[in-house]
Amino acid sequence: MKIGKDQTYSRELNSSLVLQMLSEGPYSGTELADELSLSNATISSIIKSLEKLGIIRIKESTSISGYGRKRVLYEINPTYGYILSINISNLHAVIAISDLHHQIIKKSDIPIEKYDAEAIHYIVDETKKLIGEDIQKQTILHIVISVPGRVNLKTGELALSKQFDSELFKEKNYIQNAFLGEFPNVDITLINDINLQAIGEQYSGNLKDVNNACYLSIDYGVGGAIFINSKLFTGDLGYAGEFGLIKYHKDNQYLPIDEFISLRSLCDQASKMLDKKINRDELFKLYENNKDIHQLVINSAHILGKSLREFIEVMDIAKYVLSGRVTFFKDEYLFAVNEELKDLINQPEVTFSLFDSDIEILGASYVGMDKVLKKIINKSAE
């Protein structure tokens, strides 16, 4: 239960609690009052204010049998505005527009040869095309940009990414500024792509209603996110969750596990084994048809399991979700990871993500909406 107060707590907080509940689904005024321990008069005043702003609307009004009164359900107004997400990873940029009910209105997936200044401005141009004439720029409420690199939580800057050209770091907030040139009045959030995926999984996937958990993405590289008490743990600067940096000793090498288990690494190892260049699509086919490559992949799953042991014993977190194209290796991969964890006291649960590529769009929708609601609450309190 979320507890509000009629006098001690400010109207701003009460409005925030009401919007938080309505963002989870429709409620009547009476239900909001009961759930938040607020008077009907307080809820009625807040609802009127939020309706006037246009952020909430009546979903339905039905008669209560025998009494002549009506039960009115309120909801977030999905067409109040839109969240624009730009997800940059794996040499692609996925641009999407979502409403405030987290429904994707438009989406475009464009290939990118490399991440340099030219590519960023190309993405901005493609974003303008996607918005088109039917959606006005003024209705874009927030822009969420996800990137495969470290984003400084305190400054909002891209601090480190091997995939981005060095010229993007010569100017502070280069990526944000490129979008601000086209959307000067829209707030922008830059966020690590894996953190965004994890937030999507938390709201609607295998991390829903889980207090403590870890989300690991194993694809071109290895990344992760950690939830403690249902909150994304970011560390002091926002860099927490870099599971790919966990060290592992193999063949007289002591290197980050990214160098052993990422798809990039597996392709490199397979190329050496077969003495020819192997890409990711070929790796998946070889996994099914080549005994040696199959064993290479399964061995990498055992490395992941062994590496997770130490983390599990230190952190006492028992829920893990694996995502990325490593899921193409299916249950045998998952079994190999769990095989290394079966004798732990805190028996962990390791599963695959429920989502496909749209998970980042979902995460962006929730992050953007949270920013929008906070801004509306601050404006209503003025």
# chains A, B, ... in the order shown; residues from 1 in each chain; ligands from 1
>>> select_by_dssp(residues="region 303-378 of chain A", states="alpha helix (DSSP H)", output="MDAnalysis selection string")
chainID A and resid 303:315 330:339 359:378
>>> write_last_selection(atoms="N, CA and C atoms", output="short mmCIF file (atom, residue, chain, number, x, y, z; two decimals), in the first residue's frame")
data_model
loop_
_atom_site.label_atom_id
_atom_site.label_comp_id
_atom_site.auth_asym_id
_atom_site.auth_seq_id
_atom_site.Cartn_x
_atom_site.Cartn_y
_atom_site.Cartn_z
N ILE A 303 31.76 -21.27 -18.33
CA ILE A 303 32.56 -20.15 -17.84
C ILE A 303 31.68 -19.09 -17.21
N LEU A 304 30.55 -18.80 -17.85
CA LEU A 304 29.61 -17.83 -17.28
C LEU A 304 29.10 -18.32 -15.93
N GLY A 305 28.71 -19.59 -15.84
CA GLY A 305 28.23 -20.14 -14.58
C GLY A 305 29.26 -20.06 -13.48
N LYS A 306 30.50 -20.42 -13.79
CA LYS A 306 31.58 -20.37 -12.79
C LYS A 306 31.84 -18.94 -12.33
N SER A 307 31.76 -18.00 -13.26
CA SER A 307 31.99 -16.60 -12.92
C SER A 307 30.87 -16.04 -12.05
N LEU A 308 29.64 -16.52 -12.29
CA LEU A 308 28.51 -16.04 -11.50
C LEU A 308 28.54 -16.57 -10.07
N ARG A 309 29.20 -17.71 -9.86
CA ARG A 309 29.25 -18.30 -8.52
C ARG A 309 29.74 -17.29 -7.48
N GLU A 310 30.87 -16.65 -7.78
CA GLU A 310 31.46 -15.73 -6.82
C GLU A 310 30.54 -14.55 -6.55
N PHE A 311 29.93 -14.05 -7.60
CA PHE A 311 29.01 -12.92 -7.43
C PHE A 311 27.82 -13.32 -6.56
N ILE A 312 27.28 -14.50 -6.82
CA ILE A 312 26.12 -14.98 -6.06
C ILE A 312 26.46 -15.15 -4.59
N GLU A 313 27.64 -15.70 -4.32
CA GLU A 313 28.03 -15.94 -2.92
C GLU A 313 28.29 -14.64 -2.18
N VAL A 314 28.75 -13.61 -2.89
CA VAL A 314 29.00 -12.32 -2.25
C VAL A 314 27.70 -11.53 -2.08
N MET A 315 26.87 -11.49 -3.12
CA MET A 315 25.70 -10.62 -3.13
C MET A 315 24.43 -11.29 -2.60
N LYS A 330 19.61 -21.65 -26.84
CA LYS A 330 18.49 -22.38 -26.24
C LYS A 330 18.83 -23.07 -24.92
N ASP A 331 18.04 -24.08 -24.58
CA ASP A 331 18.05 -24.63 -23.22
C ASP A 331 19.36 -25.31 -22.83
N GLU A 332 20.09 -25.88 -23.78
CA GLU A 332 21.33 -26.55 -23.43
C GLU A 332 22.34 -25.56 -22.86
N TYR A 333 22.37 -24.35 -23.41
CA TYR A 333 23.23 -23.29 -22.89
C TYR A 333 22.83 -22.95 -21.45
N LEU A 334 21.53 -22.77 -21.25
CA LEU A 334 21.01 -22.44 -19.93
C LEU A 334 21.32 -23.55 -18.93
N PHE A 335 21.19 -24.79 -19.36
CA PHE A 335 21.47 -25.93 -18.50
C PHE A 335 22.94 -25.92 -18.06
N ALA A 336 23.86 -25.59 -18.98
CA ALA A 336 25.28 -25.57 -18.65
C ALA A 336 25.59 -24.49 -17.62
N VAL A 337 24.95 -23.33 -17.74
CA VAL A 337 25.14 -22.27 -16.74
C VAL A 337 24.67 -22.76 -15.38
N ASN A 338 23.47 -23.32 -15.33
CA ASN A 338 22.90 -23.78 -14.06
C ASN A 338 23.68 -24.95 -13.46
N GLU A 339 24.32 -25.73 -14.31
CA GLU A 339 25.10 -26.87 -13.83
C GLU A 339 26.22 -26.42 -12.89
N ILE A 359 12.42 -4.69 -26.21
CA ILE A 359 12.54 -4.49 -24.77
C ILE A 359 13.12 -3.11 -24.44
N GLU A 360 14.04 -2.61 -25.26
CA GLU A 360 14.62 -1.29 -25.00
C GLU A 360 13.58 -0.20 -25.23
N ILE A 361 12.71 -0.38 -26.20
CA ILE A 361 11.65 0.60 -26.43
C ILE A 361 10.72 0.65 -25.23
N LEU A 362 10.39 -0.52 -24.69
CA LEU A 362 9.53 -0.57 -23.51
C LEU A 362 10.21 0.12 -22.34
N GLY A 363 11.49 -0.19 -22.12
CA GLY A 363 12.22 0.46 -21.04
C GLY A 363 12.26 1.97 -21.21
N ALA A 364 12.49 2.42 -22.44
CA ALA A 364 12.54 3.86 -22.72
C ALA A 364 11.19 4.51 -22.45
N SER A 365 10.12 3.80 -22.78
CA SER A 365 8.78 4.32 -22.55
C SER A 365 8.53 4.56 -21.07
N TYR A 366 8.96 3.62 -20.23
CA TYR A 366 8.77 3.77 -18.79
C TYR A 366 9.67 4.87 -18.22
N VAL A 367 10.94 4.91 -18.66
CA VAL A 367 11.85 5.95 -18.18
C VAL A 367 11.35 7.33 -18.59
N GLY A 368 10.96 7.47 -19.86
CA GLY A 368 10.46 8.75 -20.34
C GLY A 368 9.20 9.19 -19.64
N MET A 369 8.29 8.25 -19.43
CA MET A 369 7.03 8.59 -18.77
C MET A 369 7.28 9.04 -17.33
N ASP A 370 8.19 8.37 -16.64
CA ASP A 370 8.51 8.76 -15.26
C ASP A 370 9.03 10.20 -15.22
N LYS A 371 9.88 10.56 -16.18
CA LYS A 371 10.41 11.93 -16.25
C LYS A 371 9.29 12.92 -16.54
N VAL A 372 8.38 12.55 -17.43
CA VAL A 372 7.27 13.42 -17.82
C VAL A 372 6.35 13.67 -16.63
N LEU A 373 6.00 12.61 -15.92
CA LEU A 373 5.08 12.75 -14.78
C LEU A 373 5.68 13.62 -13.69
N LYS A 374 6.97 13.47 -13.45
CA LYS A 374 7.62 14.30 -12.43
C LYS A 374 7.60 15.77 -12.83
N LYS A 375 7.80 16.02 -14.11
CA LYS A 375 7.78 17.40 -14.60
C LYS A 375 6.38 18.00 -14.47
N ILE A 376 5.37 17.21 -14.76
CA ILE A 376 3.98 17.67 -14.65
C ILE A 376 3.62 17.97 -13.20
N ILE A 377 4.08 17.11 -12.30
CA ILE A 377 3.79 17.31 -10.87
C ILE A 377 4.44 18.61 -10.38
N ASN A 378 5.69 18.83 -10.79
CA ASN A 378 6.37 20.07 -10.40
C ASN A 378 5.65 21.30 -10.95
#
>>> select_by_dssp(residues="region 21-245 of chain A", states="strand (DSSP E or B)", output="MDAnalysis selection string")
chainID A and resid 27:28 56:63 70:76 82:89 92:98 104:111 115 140:147 150:151 158:160 164 187:192 213:218 222:228 231:233
>>> residues_around(residues="Ser353 (chain A)", least_positions_apart="5", cutoff="8 Å", atoms="only C-alpha atoms", output="ChimeraX atom specification")
/A:201,205-206,321-323
>>> atom_distance(atom1="CA of Tyr80 (chain A)", atom2="CA of Ile56 (chain A)")
8.3 Å
>>> residues_around(residues="Asp193 (chain A)", least_positions_apart="4", cutoff="9 Å", atoms="only C-alpha atoms", output="PyMOL selection string")
chain A and resi 87-89+145-149+197-198+360
>>> atom_distance(atom1="CA of Leu283 (chain A)", atom2="CA of Val297 (chain A)")
9.3 Å
>>> residues_around(residues="region 111-115 of chain A", least_positions_apart="6", cutoff="10 Å", atoms="only C-alpha atoms", output="PyMOL selection string")
chain A and resi 88-94+122-123+162-168
>>> atom_distance(atom1="CA of Ser262 (chain A)", atom2="CA of Glu282 (chain A)")
15.0 Å
>>> residues_around(residues="Tyr248 (chain A)", least_positions_apart="6", cutoff="6 Å", atoms="only C-alpha atoms", output="number ranges by chain")
A: 254-255, 257
>>> residues_around(residues="Ile95 (chain A)", least_positions_apart="2", cutoff="9 Å", atoms="only C-alpha atoms", output="MDAnalysis selection string")
chainID A and resid 84:88 93 97 106:110 123 126:127 130 361
>>> closest_residue(among="A:Glu157, A:Asp125, A:Glu242, A:Asp343", to="Cys214 (chain A)", atoms="only C-alpha atoms")
A:Glu242
>>> decode(residues="region 12-64 of chain A", atoms="C-alpha atoms", output="short mmCIF file (atom, residue, chain, number, x, y, z; two decimals), in the first residue's frame")
data_model
loop_
_atom_site.label_atom_id
_atom_site.label_comp_id
_atom_site.auth_asym_id
_atom_site.auth_seq_id
_atom_site.Cartn_x
_atom_site.Cartn_y
_atom_site.Cartn_z
CA GLU A 12 2.97 17.52 -4.75
CA LEU A 13 3.68 14.14 -3.16
CA ASN A 14 0.02 13.15 -3.14
CA SER A 15 -0.29 14.05 -6.82
CA SER A 16 2.81 11.96 -7.49
CA LEU A 17 1.27 8.95 -5.74
CA VAL A 18 -1.98 9.32 -7.68
CA LEU A 19 -0.14 9.49 -11.01
CA GLN A 20 2.04 6.55 -10.03
CA MET A 21 -1.03 4.42 -9.37
CA LEU A 22 -2.79 5.52 -12.54
CA SER A 23 0.34 4.74 -14.54
CA GLU A 24 -0.13 1.11 -13.41
CA GLY A 25 -3.78 0.99 -14.54
CA PRO A 26 -7.21 2.65 -14.15
CA TYR A 27 -8.67 3.45 -10.72
CA SER A 28 -11.74 5.17 -9.37
CA GLY A 29 -11.46 8.12 -7.01
CA THR A 30 -12.69 5.97 -4.11
CA GLU A 31 -10.10 3.28 -4.87
CA LEU A 32 -7.33 5.88 -4.97
CA ALA A 33 -8.47 7.36 -1.67
CA ASP A 34 -8.59 3.95 0.02
CA GLU A 35 -5.25 2.78 -1.35
CA LEU A 36 -3.43 6.00 -0.45
CA SER A 37 -5.24 6.66 2.85
CA LEU A 38 -6.37 10.06 1.63
CA SER A 39 -9.74 11.74 1.99
CA ASN A 40 -12.18 11.72 -0.91
CA ALA A 41 -12.02 15.52 -0.94
CA THR A 42 -8.22 15.49 -1.35
CA ILE A 43 -8.38 12.94 -4.17
CA SER A 44 -11.19 14.85 -5.88
CA SER A 45 -9.13 18.05 -5.82
CA ILE A 46 -6.04 16.28 -7.23
CA ILE A 47 -8.07 14.60 -9.98
CA LYS A 48 -9.62 17.90 -11.04
CA SER A 49 -6.17 19.48 -11.24
CA LEU A 50 -4.69 16.62 -13.26
CA GLU A 51 -7.72 16.52 -15.58
CA LYS A 52 -7.31 20.23 -16.21
CA LEU A 53 -3.67 19.62 -17.20
CA GLY A 54 -4.87 16.90 -19.57
CA ILE A 55 -2.56 14.21 -18.20
CA ILE A 56 -5.47 12.03 -16.97
CA ARG A 57 -8.89 11.31 -18.43
CA ILE A 58 -12.03 9.35 -17.66
CA LYS A 59 -11.66 5.81 -18.95
CA GLU A 60 -15.24 4.78 -18.30
CA SER A 61 -18.26 5.68 -16.22
CA THR A 62 -20.63 2.88 -15.23
CA SER A 63 -23.77 2.87 -13.11
CA ILE A 64 -23.65 1.19 -9.72
#
